[in-house]
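Source file: coords_31.cif. Holds: mmCIF, N, CA and C atoms.
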```cif
data_upload
loop_
_atom_site.label_atom_id
_atom_site.label_comp_id
_atom_site.auth_asym_id
_atom_site.auth_seq_id
_atom_site.Cartn_x
_atom_site.Cartn_y
_atom_site.Cartn_z
N GLN A 1 52.56 121.42 126.84
CA GLN A 1 51.33 121.96 127.40
C GLN A 1 50.51 122.61 126.30
N PRO A 2 49.21 122.50 126.42
CA PRO A 2 48.35 123.16 125.44
C PRO A 2 48.48 124.67 125.56
N VAL A 3 48.21 125.37 124.45
CA VAL A 3 48.25 126.82 124.44
C VAL A 3 47.22 127.34 125.43
N GLY A 4 47.63 128.34 126.22
CA GLY A 4 46.71 128.94 127.18
C GLY A 4 46.73 128.25 128.54
N ALA A 5 47.35 127.06 128.63
CA ALA A 5 47.44 126.37 129.92
C ALA A 5 48.60 126.98 130.71
N PHE A 6 48.54 126.86 132.00
CA PHE A 6 49.66 127.37 132.79
C PHE A 6 50.12 126.29 133.75
N SER A 7 51.36 126.40 134.11
CA SER A 7 51.97 125.43 135.01
C SER A 7 51.88 125.93 136.44
N THR A 8 51.77 125.01 137.37
CA THR A 8 51.81 125.39 138.78
C THR A 8 53.25 125.36 139.29
N GLU A 9 54.18 124.96 138.45
CA GLU A 9 55.59 124.96 138.84
C GLU A 9 56.14 126.39 138.78
N PRO A 10 56.92 126.78 139.76
CA PRO A 10 57.48 128.13 139.70
C PRO A 10 58.50 128.24 138.57
N LEU A 11 58.50 129.38 137.91
CA LEU A 11 59.47 129.62 136.85
C LEU A 11 60.83 129.93 137.42
N VAL A 12 60.85 130.63 138.54
CA VAL A 12 62.11 131.04 139.17
C VAL A 12 61.98 130.75 140.66
N THR A 13 63.02 130.19 141.20
CA THR A 13 63.05 129.99 142.64
C THR A 13 63.69 131.23 143.26
N VAL A 14 62.97 131.87 144.13
CA VAL A 14 63.49 133.06 144.79
C VAL A 14 63.98 132.66 146.17
N ARG A 15 65.24 132.90 146.41
CA ARG A 15 65.83 132.59 147.71
C ARG A 15 65.91 133.89 148.49
N SER A 16 65.35 133.89 149.67
CA SER A 16 65.36 135.13 150.44
C SER A 16 66.78 135.44 150.91
N MET A 17 67.12 136.70 150.83
CA MET A 17 68.42 137.15 151.28
C MET A 17 68.37 137.31 152.79
N PRO A 18 69.49 137.05 153.45
CA PRO A 18 69.48 137.24 154.90
C PRO A 18 69.28 138.70 155.26
N SER A 19 68.64 138.92 156.38
CA SER A 19 68.46 140.27 156.90
C SER A 19 69.67 140.57 157.78
N TYR A 20 70.28 141.74 157.59
CA TYR A 20 71.49 142.09 158.34
C TYR A 20 71.22 143.17 159.37
N ILE A 21 71.83 143.01 160.53
CA ILE A 21 71.88 144.05 161.55
C ILE A 21 73.34 144.46 161.62
N ASP A 22 73.62 145.71 161.34
CA ASP A 22 74.99 146.21 161.30
C ASP A 22 75.31 146.87 162.63
N LYS A 23 76.30 146.36 163.35
CA LYS A 23 76.66 146.89 164.66
C LYS A 23 78.15 147.13 164.76
N LEU A 24 78.51 147.96 165.72
CA LEU A 24 79.90 148.22 166.09
C LEU A 24 80.11 147.65 167.48
N ALA A 25 81.33 147.20 167.77
CA ALA A 25 81.58 146.64 169.09
C ALA A 25 82.99 146.96 169.55
N LEU A 26 83.15 147.06 170.86
CA LEU A 26 84.44 147.29 171.49
C LEU A 26 84.95 145.97 172.06
N VAL A 27 86.08 145.53 171.56
CA VAL A 27 86.74 144.34 172.10
C VAL A 27 87.78 144.86 173.10
N LEU A 28 87.45 144.73 174.37
CA LEU A 28 88.30 145.26 175.43
C LEU A 28 88.90 144.10 176.22
N ILE A 29 90.23 144.07 176.25
CA ILE A 29 90.96 143.01 176.95
C ILE A 29 91.77 143.64 178.07
N GLN A 30 91.66 143.08 179.26
CA GLN A 30 92.50 143.48 180.39
C GLN A 30 92.82 142.23 181.19
N GLY A 31 94.07 142.07 181.54
CA GLY A 31 94.46 140.90 182.33
C GLY A 31 94.10 139.59 181.66
N ARG A 32 94.19 139.57 180.32
CA ARG A 32 93.89 138.38 179.51
C ARG A 32 92.43 137.92 179.66
N ARG A 33 91.54 138.88 179.92
CA ARG A 33 90.10 138.65 179.99
C ARG A 33 89.40 139.65 179.09
N GLN A 34 88.23 139.26 178.57
CA GLN A 34 87.43 140.13 177.69
C GLN A 34 86.25 140.69 178.46
N LEU A 35 85.96 141.96 178.23
CA LEU A 35 84.79 142.59 178.81
C LEU A 35 83.55 142.25 177.99
N VAL A 36 82.49 141.80 178.67
CA VAL A 36 81.20 141.56 178.03
C VAL A 36 80.12 142.23 178.88
N ALA A 37 78.96 142.47 178.25
CA ALA A 37 77.87 143.17 178.92
C ALA A 37 76.57 142.37 178.74
N ARG A 38 75.72 142.45 179.77
CA ARG A 38 74.40 141.82 179.69
C ARG A 38 73.36 142.92 179.84
N SER A 39 72.44 142.97 178.89
CA SER A 39 71.38 143.98 178.92
C SER A 39 70.28 143.59 179.91
N ILE A 40 69.57 144.58 180.39
CA ILE A 40 68.47 144.35 181.33
C ILE A 40 67.47 143.39 180.71
N GLY A 41 67.12 142.36 181.46
CA GLY A 41 66.12 141.39 181.01
C GLY A 41 66.63 140.34 180.05
N LYS A 42 67.91 140.37 179.69
CA LYS A 42 68.48 139.37 178.78
C LYS A 42 69.23 138.32 179.58
N SER A 43 69.37 137.14 178.99
CA SER A 43 70.04 136.05 179.68
C SER A 43 71.47 135.83 179.19
N VAL A 44 71.84 136.48 178.09
CA VAL A 44 73.18 136.26 177.54
C VAL A 44 73.98 137.57 177.52
N PHE A 45 75.30 137.41 177.47
CA PHE A 45 76.22 138.54 177.41
C PHE A 45 76.60 138.83 175.96
N PHE A 46 76.86 140.10 175.70
CA PHE A 46 77.23 140.59 174.37
C PHE A 46 78.54 141.35 174.46
N THR A 47 79.19 141.52 173.32
CA THR A 47 80.33 142.42 173.24
C THR A 47 79.75 143.83 173.22
N PRO A 48 80.21 144.74 174.10
CA PRO A 48 79.60 146.07 174.17
C PRO A 48 79.67 146.83 172.85
N GLY A 49 78.64 147.60 172.58
CA GLY A 49 78.60 148.40 171.36
C GLY A 49 77.17 148.63 170.93
N GLY A 50 76.98 148.95 169.67
CA GLY A 50 75.63 149.20 169.19
C GLY A 50 75.62 149.69 167.75
N LYS A 51 74.52 150.31 167.38
CA LYS A 51 74.31 150.76 166.00
C LYS A 51 74.70 152.22 165.82
N ARG A 52 75.06 152.56 164.59
CA ARG A 52 75.33 153.95 164.23
C ARG A 52 74.02 154.73 164.19
N GLU A 53 74.09 155.99 164.55
CA GLU A 53 72.97 156.90 164.34
C GLU A 53 73.24 157.65 163.03
N PRO A 54 72.19 158.19 162.40
CA PRO A 54 72.40 158.90 161.13
C PRO A 54 73.51 159.95 161.23
N GLY A 55 74.41 159.91 160.27
CA GLY A 55 75.50 160.88 160.21
C GLY A 55 76.74 160.51 161.01
N GLU A 56 76.67 159.45 161.81
CA GLU A 56 77.83 159.05 162.61
C GLU A 56 78.76 158.15 161.82
N ASP A 57 80.07 158.35 162.01
CA ASP A 57 81.03 157.38 161.49
C ASP A 57 81.26 156.34 162.59
N ASP A 58 82.05 155.33 162.28
CA ASP A 58 82.27 154.24 163.24
C ASP A 58 82.82 154.75 164.57
N HIS A 59 83.82 155.61 164.51
CA HIS A 59 84.45 156.07 165.75
C HIS A 59 83.48 156.87 166.62
N ALA A 60 82.72 157.77 166.00
CA ALA A 60 81.76 158.57 166.76
C ALA A 60 80.70 157.67 167.40
N ALA A 61 80.20 156.71 166.64
CA ALA A 61 79.16 155.81 167.17
C ALA A 61 79.71 154.95 168.30
N LEU A 62 80.91 154.42 168.13
CA LEU A 62 81.51 153.58 169.17
C LEU A 62 81.75 154.39 170.44
N CYS A 63 82.25 155.60 170.29
CA CYS A 63 82.47 156.47 171.45
C CYS A 63 81.15 156.75 172.17
N ARG A 64 80.11 157.06 171.43
CA ARG A 64 78.80 157.34 172.03
C ARG A 64 78.26 156.11 172.75
N GLU A 65 78.31 154.96 172.09
CA GLU A 65 77.78 153.73 172.70
C GLU A 65 78.53 153.38 173.98
N CYS A 66 79.84 153.54 173.97
CA CYS A 66 80.62 153.20 175.18
C CYS A 66 80.36 154.18 176.30
N ARG A 67 80.15 155.44 175.97
CA ARG A 67 79.80 156.44 176.97
C ARG A 67 78.43 156.10 177.57
N GLU A 68 77.46 155.74 176.71
CA GLU A 68 76.11 155.43 177.17
C GLU A 68 76.05 154.13 177.97
N GLU A 69 76.70 153.09 177.48
CA GLU A 69 76.57 151.75 178.09
C GLU A 69 77.57 151.47 179.20
N LEU A 70 78.79 152.03 179.07
CA LEU A 70 79.88 151.66 179.98
C LEU A 70 80.37 152.81 180.84
N THR A 71 79.86 154.01 180.64
CA THR A 71 80.22 155.25 181.35
C THR A 71 81.69 155.63 181.18
N VAL A 72 82.32 155.27 180.08
CA VAL A 72 83.71 155.65 179.84
C VAL A 72 83.83 156.45 178.55
N THR A 73 84.92 157.18 178.45
CA THR A 73 85.22 157.96 177.25
C THR A 73 86.36 157.26 176.51
N LEU A 74 86.09 156.82 175.28
CA LEU A 74 87.15 156.21 174.49
C LEU A 74 88.13 157.30 174.04
N ILE A 75 89.40 156.94 174.01
CA ILE A 75 90.42 157.84 173.50
C ILE A 75 90.48 157.61 171.99
N ARG A 76 89.92 158.58 171.24
CA ARG A 76 89.74 158.42 169.79
C ARG A 76 91.02 157.99 169.07
N GLU A 77 92.15 158.57 169.45
CA GLU A 77 93.41 158.25 168.76
C GLU A 77 93.85 156.80 168.98
N SER A 78 93.27 156.14 169.98
CA SER A 78 93.68 154.76 170.27
C SER A 78 92.78 153.73 169.59
N ILE A 79 91.70 154.16 168.94
CA ILE A 79 90.76 153.22 168.33
C ILE A 79 91.43 152.55 167.13
N ARG A 80 91.42 151.20 167.15
CA ARG A 80 92.03 150.40 166.08
C ARG A 80 91.07 149.30 165.65
N PRO A 81 91.04 148.99 164.35
CA PRO A 81 90.19 147.89 163.89
C PRO A 81 90.66 146.56 164.48
N TYR A 82 89.70 145.73 164.88
CA TYR A 82 90.02 144.38 165.36
C TYR A 82 89.59 143.33 164.34
N GLY A 83 88.38 143.44 163.82
CA GLY A 83 87.88 142.47 162.85
C GLY A 83 86.39 142.61 162.66
N VAL A 84 85.88 141.91 161.65
CA VAL A 84 84.44 141.92 161.36
C VAL A 84 83.95 140.48 161.49
N PHE A 85 82.86 140.30 162.23
CA PHE A 85 82.32 138.98 162.52
C PHE A 85 80.84 138.95 162.17
N GLU A 86 80.39 137.83 161.64
CA GLU A 86 78.97 137.65 161.33
C GLU A 86 78.46 136.39 162.01
N ALA A 87 77.23 136.48 162.53
CA ALA A 87 76.62 135.34 163.20
C ALA A 87 75.11 135.53 163.22
N GLU A 88 74.41 134.46 163.51
CA GLU A 88 72.96 134.52 163.71
C GLU A 88 72.68 135.52 164.83
N ALA A 89 71.76 136.44 164.60
CA ALA A 89 71.44 137.47 165.59
C ALA A 89 70.64 136.87 166.74
N PHE A 90 71.02 137.19 167.95
CA PHE A 90 70.34 136.70 169.14
C PHE A 90 68.96 137.32 169.27
N GLY A 91 67.96 136.48 169.49
CA GLY A 91 66.61 136.95 169.76
C GLY A 91 65.88 137.52 168.55
N LYS A 92 66.41 137.29 167.35
CA LYS A 92 65.77 137.79 166.13
C LYS A 92 65.26 136.61 165.32
N SER A 93 64.47 136.88 164.28
CA SER A 93 63.91 135.81 163.47
C SER A 93 65.02 135.04 162.75
N ALA A 94 64.76 133.78 162.46
CA ALA A 94 65.74 132.93 161.77
C ALA A 94 66.17 133.60 160.48
N GLY A 95 67.45 133.52 160.19
CA GLY A 95 67.98 134.13 158.98
C GLY A 95 68.46 135.55 159.18
N THR A 96 68.24 136.12 160.36
CA THR A 96 68.74 137.46 160.64
C THR A 96 70.17 137.35 161.13
N VAL A 97 71.06 138.06 160.46
CA VAL A 97 72.49 137.98 160.74
C VAL A 97 72.95 139.31 161.32
N VAL A 98 73.77 139.24 162.37
CA VAL A 98 74.40 140.43 162.90
C VAL A 98 75.82 140.49 162.33
N ARG A 99 76.17 141.66 161.81
CA ARG A 99 77.54 141.90 161.31
C ARG A 99 78.17 142.88 162.29
N MET A 100 79.17 142.40 163.03
CA MET A 100 79.81 143.23 164.06
C MET A 100 81.19 143.67 163.58
N THR A 101 81.34 144.98 163.41
CA THR A 101 82.63 145.55 163.09
C THR A 101 83.25 145.92 164.44
N CYS A 102 84.34 145.23 164.77
CA CYS A 102 84.92 145.34 166.11
C CYS A 102 86.19 146.18 166.11
N TYR A 103 86.36 146.91 167.20
CA TYR A 103 87.51 147.77 167.41
C TYR A 103 88.07 147.53 168.80
N THR A 104 89.35 147.87 168.98
CA THR A 104 89.95 147.95 170.30
C THR A 104 90.18 149.42 170.58
N ALA A 105 90.30 149.79 171.84
CA ALA A 105 90.55 151.19 172.20
C ALA A 105 90.92 151.28 173.67
N ASP A 106 91.62 152.36 173.99
CA ASP A 106 91.86 152.72 175.38
C ASP A 106 90.73 153.65 175.81
N TYR A 107 90.56 153.80 177.11
CA TYR A 107 89.47 154.64 177.60
C TYR A 107 89.89 155.38 178.86
N GLU A 108 89.12 156.40 179.17
CA GLU A 108 89.27 157.14 180.42
C GLU A 108 87.98 156.99 181.21
N GLY A 109 88.11 156.90 182.53
CA GLY A 109 86.94 156.76 183.37
C GLY A 109 86.87 155.39 184.01
N THR A 110 85.78 155.15 184.68
CA THR A 110 85.57 153.88 185.38
C THR A 110 84.44 153.12 184.71
N LEU A 111 84.71 151.90 184.32
CA LEU A 111 83.68 151.06 183.70
C LEU A 111 82.56 150.79 184.69
N ALA A 112 81.33 151.01 184.24
CA ALA A 112 80.16 150.70 185.05
C ALA A 112 78.98 150.47 184.12
N PRO A 113 78.10 149.53 184.44
CA PRO A 113 76.92 149.32 183.60
C PRO A 113 76.01 150.55 183.65
N ASN A 114 75.42 150.90 182.52
CA ASN A 114 74.59 152.10 182.44
C ASN A 114 73.53 151.90 181.36
N GLU A 115 72.49 152.71 181.42
CA GLU A 115 71.38 152.66 180.46
C GLU A 115 70.81 151.25 180.40
N GLU A 116 70.84 150.59 179.22
CA GLU A 116 70.21 149.27 179.11
C GLU A 116 71.09 148.14 179.62
N VAL A 117 72.33 148.43 179.99
CA VAL A 117 73.25 147.39 180.48
C VAL A 117 73.06 147.20 181.97
N GLU A 118 72.82 145.94 182.36
CA GLU A 118 72.60 145.61 183.77
C GLU A 118 73.87 145.07 184.44
N GLU A 119 74.73 144.40 183.65
CA GLU A 119 75.88 143.72 184.25
C GLU A 119 77.05 143.70 183.28
N LEU A 120 78.25 143.91 183.82
CA LEU A 120 79.50 143.75 183.07
C LEU A 120 80.25 142.58 183.68
N ALA A 121 81.00 141.87 182.84
CA ALA A 121 81.80 140.74 183.33
C ALA A 121 83.08 140.65 182.53
N TRP A 122 84.15 140.27 183.21
CA TRP A 122 85.43 139.97 182.54
C TRP A 122 85.51 138.46 182.41
N ILE A 123 85.63 137.97 181.18
CA ILE A 123 85.55 136.52 180.97
C ILE A 123 86.81 135.98 180.30
N GLN A 124 86.99 134.68 180.48
CA GLN A 124 88.06 133.93 179.81
C GLN A 124 87.42 132.95 178.83
N SER A 125 88.25 132.21 178.12
CA SER A 125 87.75 131.31 177.08
C SER A 125 86.90 130.17 177.62
N ASP A 126 86.96 129.90 178.93
CA ASP A 126 86.16 128.82 179.50
C ASP A 126 84.78 129.30 179.97
N PHE A 127 84.43 130.55 179.66
CA PHE A 127 83.11 131.07 180.02
C PHE A 127 82.04 130.21 179.34
N PRO A 128 80.96 129.85 180.04
CA PRO A 128 79.94 128.98 179.44
C PRO A 128 79.36 129.57 178.15
N SER A 129 79.48 128.83 177.06
CA SER A 129 79.07 129.34 175.75
C SER A 129 77.58 129.67 175.69
N GLU A 130 76.76 128.97 176.48
CA GLU A 130 75.33 129.25 176.45
C GLU A 130 74.99 130.61 177.06
N LYS A 131 75.96 131.22 177.73
CA LYS A 131 75.74 132.55 178.32
C LYS A 131 76.23 133.67 177.40
N LEU A 132 76.63 133.31 176.16
CA LEU A 132 77.09 134.30 175.18
C LEU A 132 76.21 134.25 173.94
N SER A 133 76.09 135.39 173.28
CA SER A 133 75.45 135.41 171.97
C SER A 133 76.34 134.64 171.00
N GLU A 134 75.79 134.26 169.85
CA GLU A 134 76.59 133.53 168.86
C GLU A 134 77.79 134.37 168.41
N ALA A 135 77.57 135.66 168.17
CA ALA A 135 78.69 136.53 167.79
C ALA A 135 79.71 136.59 168.91
N GLY A 136 79.24 136.64 170.14
CA GLY A 136 80.14 136.65 171.30
C GLY A 136 81.00 135.40 171.37
N ARG A 137 80.42 134.25 171.05
CA ARG A 137 81.19 132.99 171.05
C ARG A 137 82.28 133.03 169.98
N ILE A 138 81.94 133.56 168.80
CA ILE A 138 82.91 133.63 167.71
C ILE A 138 84.06 134.57 168.06
N ILE A 139 83.73 135.73 168.65
CA ILE A 139 84.77 136.69 169.04
C ILE A 139 85.65 136.10 170.14
N LEU A 140 85.04 135.44 171.12
CA LEU A 140 85.82 134.82 172.20
C LEU A 140 86.77 133.77 171.65
N GLN A 141 86.30 132.95 170.71
CA GLN A 141 87.16 131.93 170.09
C GLN A 141 88.31 132.59 169.34
N ASP A 142 88.03 133.68 168.64
CA ASP A 142 89.07 134.39 167.90
C ASP A 142 90.13 134.94 168.86
N LEU A 143 89.71 135.49 169.98
CA LEU A 143 90.65 136.00 170.98
C LEU A 143 91.51 134.88 171.53
N LYS A 144 90.91 133.73 171.76
CA LYS A 144 91.66 132.56 172.27
C LYS A 144 92.68 132.10 171.24
N GLU A 145 92.25 131.99 169.96
CA GLU A 145 93.16 131.55 168.91
C GLU A 145 94.34 132.50 168.72
N LYS A 146 94.11 133.78 168.98
CA LYS A 146 95.20 134.78 168.87
C LYS A 146 95.98 134.90 170.17
N SER A 147 95.65 134.05 171.14
CA SER A 147 96.33 134.02 172.44
C SER A 147 96.26 135.37 173.17
N LEU A 148 95.12 136.05 173.05
CA LEU A 148 94.93 137.33 173.71
C LEU A 148 94.22 137.17 175.05
N ILE A 149 93.56 136.01 175.26
CA ILE A 149 92.92 135.72 176.52
C ILE A 149 93.29 134.30 176.94
N ASP A 150 93.08 134.01 178.21
CA ASP A 150 93.32 132.65 178.72
C ASP A 150 92.09 131.78 178.51
#
```
Serialized structure, structure tokens:
Amino acid sequence: QPVGAFSTEPLVTVRSMPSYIDKLALVLIQGRRQLVARSIGKSVFFTPGGKREPGEDDHAALCRECREELTVTLIRESIRPYGVFEAEAFGKSAGTVVRMTCYTADYEGTLAPNEEVEELAWIQSDFPSEKLSEAGRIILQDLKEKSLID
């Protein structure tokens, strides 16, 4: 190229990094079925949980979310890590990934939908996949592979 000329070719290809949504979730199994929740106005079910608030650790956030959404009190000493799952975030722009850090726990109280949750359901591995978020499908498959649900 002559001196002073410029190329229209990019010097560096910039690949956009995925956008992450960091969430906590409760994987609750009873009678070989998993508890899932559907938010008001949504068509798919999610694993119950949510985001941390400033200053909260995982256990505090999970306890708060379960109290708000499910009307139960988690027994802190029973909270155990289950796994971390990543999937395309439901209802977000392409390339947005949800990272769900999942826990199991015992609880006190009676499960009931509350706040933004309209419906709770106990599901098995044959639950229609189109009624679950992508992360929900991955978690359900993991539970089936570990023979924790039917």
Practice item. Can you give me, as JSON, numbers by chain, the residues this file yields under the PyMOL selection byres (((chain A and resi 24 and name CA) around 12) and name CA)? Key: {"A": [21, 22, 23, 25, 26, 27, 46, 47, 48, 49, 50, 51, 52, 53, 56, 57, 58, 59, 60, 61, 62, 63, 64, 65, 66, 81, 82, 83, 84, 85, 86, 98, 99, 100, 101, 102, 103, 104, 135]}
Review point. Quick one: DSSP strand (DSSP E or B) residues in chain A, as a PyMOL selection string?
Key: chain A and resi 19-26+29-30+33-39+45-46+49-50+73-74+80-88+96-104+107-108+117-123+132
Revision key, fill the gap. Of A:Gln124, A:Asn114, A:Ser133, A:Gln30, the one nearest to Phe45 in chain A when counting only N, CA and C atoms is A:Ser133
Exercise for review: Would you kindly return, as a count of residues only, each protein, DNA or RNA residue with an atom no farther than 8 Å from any atom of Gly109 in chain A, considering only N, CA and C atoms and excluding same-chain residues fewer than 4 positions away?
Suggested key: 5
Exercise for review: Enumerate the residues of chain A with a DSSP assignment of helix (DSSP H, G or I), computed from the backbone, and present them as a PyMOL selection string.
Suggested key: chain A and resi 58-70+76-78+129-131+134-145
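Comparing A:Leu35, A:Val117, A:Ser125, A:Ser78 by their smallest distance to Glu145 in chain A, the closest is A:Ser125 (using only C-alpha atoms).
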Practice item. Using all atoms listed in the file, pick whichever of A:Ser39, A:Glu68, A:Gly55, A:Ala87 has the shortest atom-to-atom distance to Ala112 in chain A. Key: A:Glu68
**Study point:** A:Lys146, A:Arg80, A:Lys131, A:Arg67 ranked by distance to Lys42 in chain A, top pick (using only C-alpha atoms)
**Key:** A:Lys131
Review point. Ile40 in chain A: which residues within 8 Å, counting only N, CA and C atoms, same-chain residues fewer than 2 positions away excluded, as a list of chain:residue names?
Key: A:Ala37, A:Arg38, A:Lys42, A:Ser43, A:Glu115, A:Glu116, A:Val117, A:Glu118, A:Glu119
For the residues in that selection, give me N, CA and C atoms as an mmCIF file, keeping the file's coordinate frame.
```cif
data_model
loop_
_atom_site.group_PDB
_atom_site.id
_atom_site.type_symbol
_atom_site.label_atom_id
_atom_site.label_comp_id
_atom_site.auth_asym_id
_atom_site.auth_seq_id
_atom_site.Cartn_x
_atom_site.Cartn_y
_atom_site.Cartn_z
ATOM 1 N N ALA A 37 78.960 142.470 178.250
ATOM 2 C CA ALA A 37 77.870 143.170 178.920
ATOM 3 C C ALA A 37 76.570 142.370 178.740
ATOM 4 N N ARG A 38 75.720 142.450 179.770
ATOM 5 C CA ARG A 38 74.400 141.820 179.690
ATOM 6 C C ARG A 38 73.360 142.920 179.840
ATOM 7 N N LYS A 42 67.910 140.370 179.690
ATOM 8 C CA LYS A 42 68.480 139.370 178.780
ATOM 9 C C LYS A 42 69.230 138.320 179.580
ATOM 10 N N SER A 43 69.370 137.140 178.990
ATOM 11 C CA SER A 43 70.040 136.050 179.680
ATOM 12 C C SER A 43 71.470 135.830 179.190
ATOM 13 N N GLU A 115 72.490 152.710 181.420
ATOM 14 C CA GLU A 115 71.380 152.660 180.460
ATOM 15 C C GLU A 115 70.810 151.250 180.400
ATOM 16 N N GLU A 116 70.840 150.590 179.220
ATOM 17 C CA GLU A 116 70.210 149.270 179.110
ATOM 18 C C GLU A 116 71.090 148.140 179.620
ATOM 19 N N VAL A 117 72.330 148.430 179.990
ATOM 20 C CA VAL A 117 73.250 147.390 180.480
ATOM 21 C C VAL A 117 73.060 147.200 181.970
ATOM 22 N N GLU A 118 72.820 145.940 182.360
ATOM 23 C CA GLU A 118 72.600 145.610 183.770
ATOM 24 C C GLU A 118 73.870 145.070 184.440
ATOM 25 N N GLU A 119 74.730 144.400 183.650
ATOM 26 C CA GLU A 119 75.880 143.720 184.250
ATOM 27 C C GLU A 119 77.050 143.700 183.280
#
```
Revision key, fill the gap. re atom N of Asp126 in chain A and CA of Val36 in chain A: distance 13.0 Å
Review point. For this file, the PyMOL selection byres ((chain A and resi 149) around 6.5) selects which residues, as a PyMOL selection string?
Key: chain A and resi 32-34+124-125+143-144+146-148+150
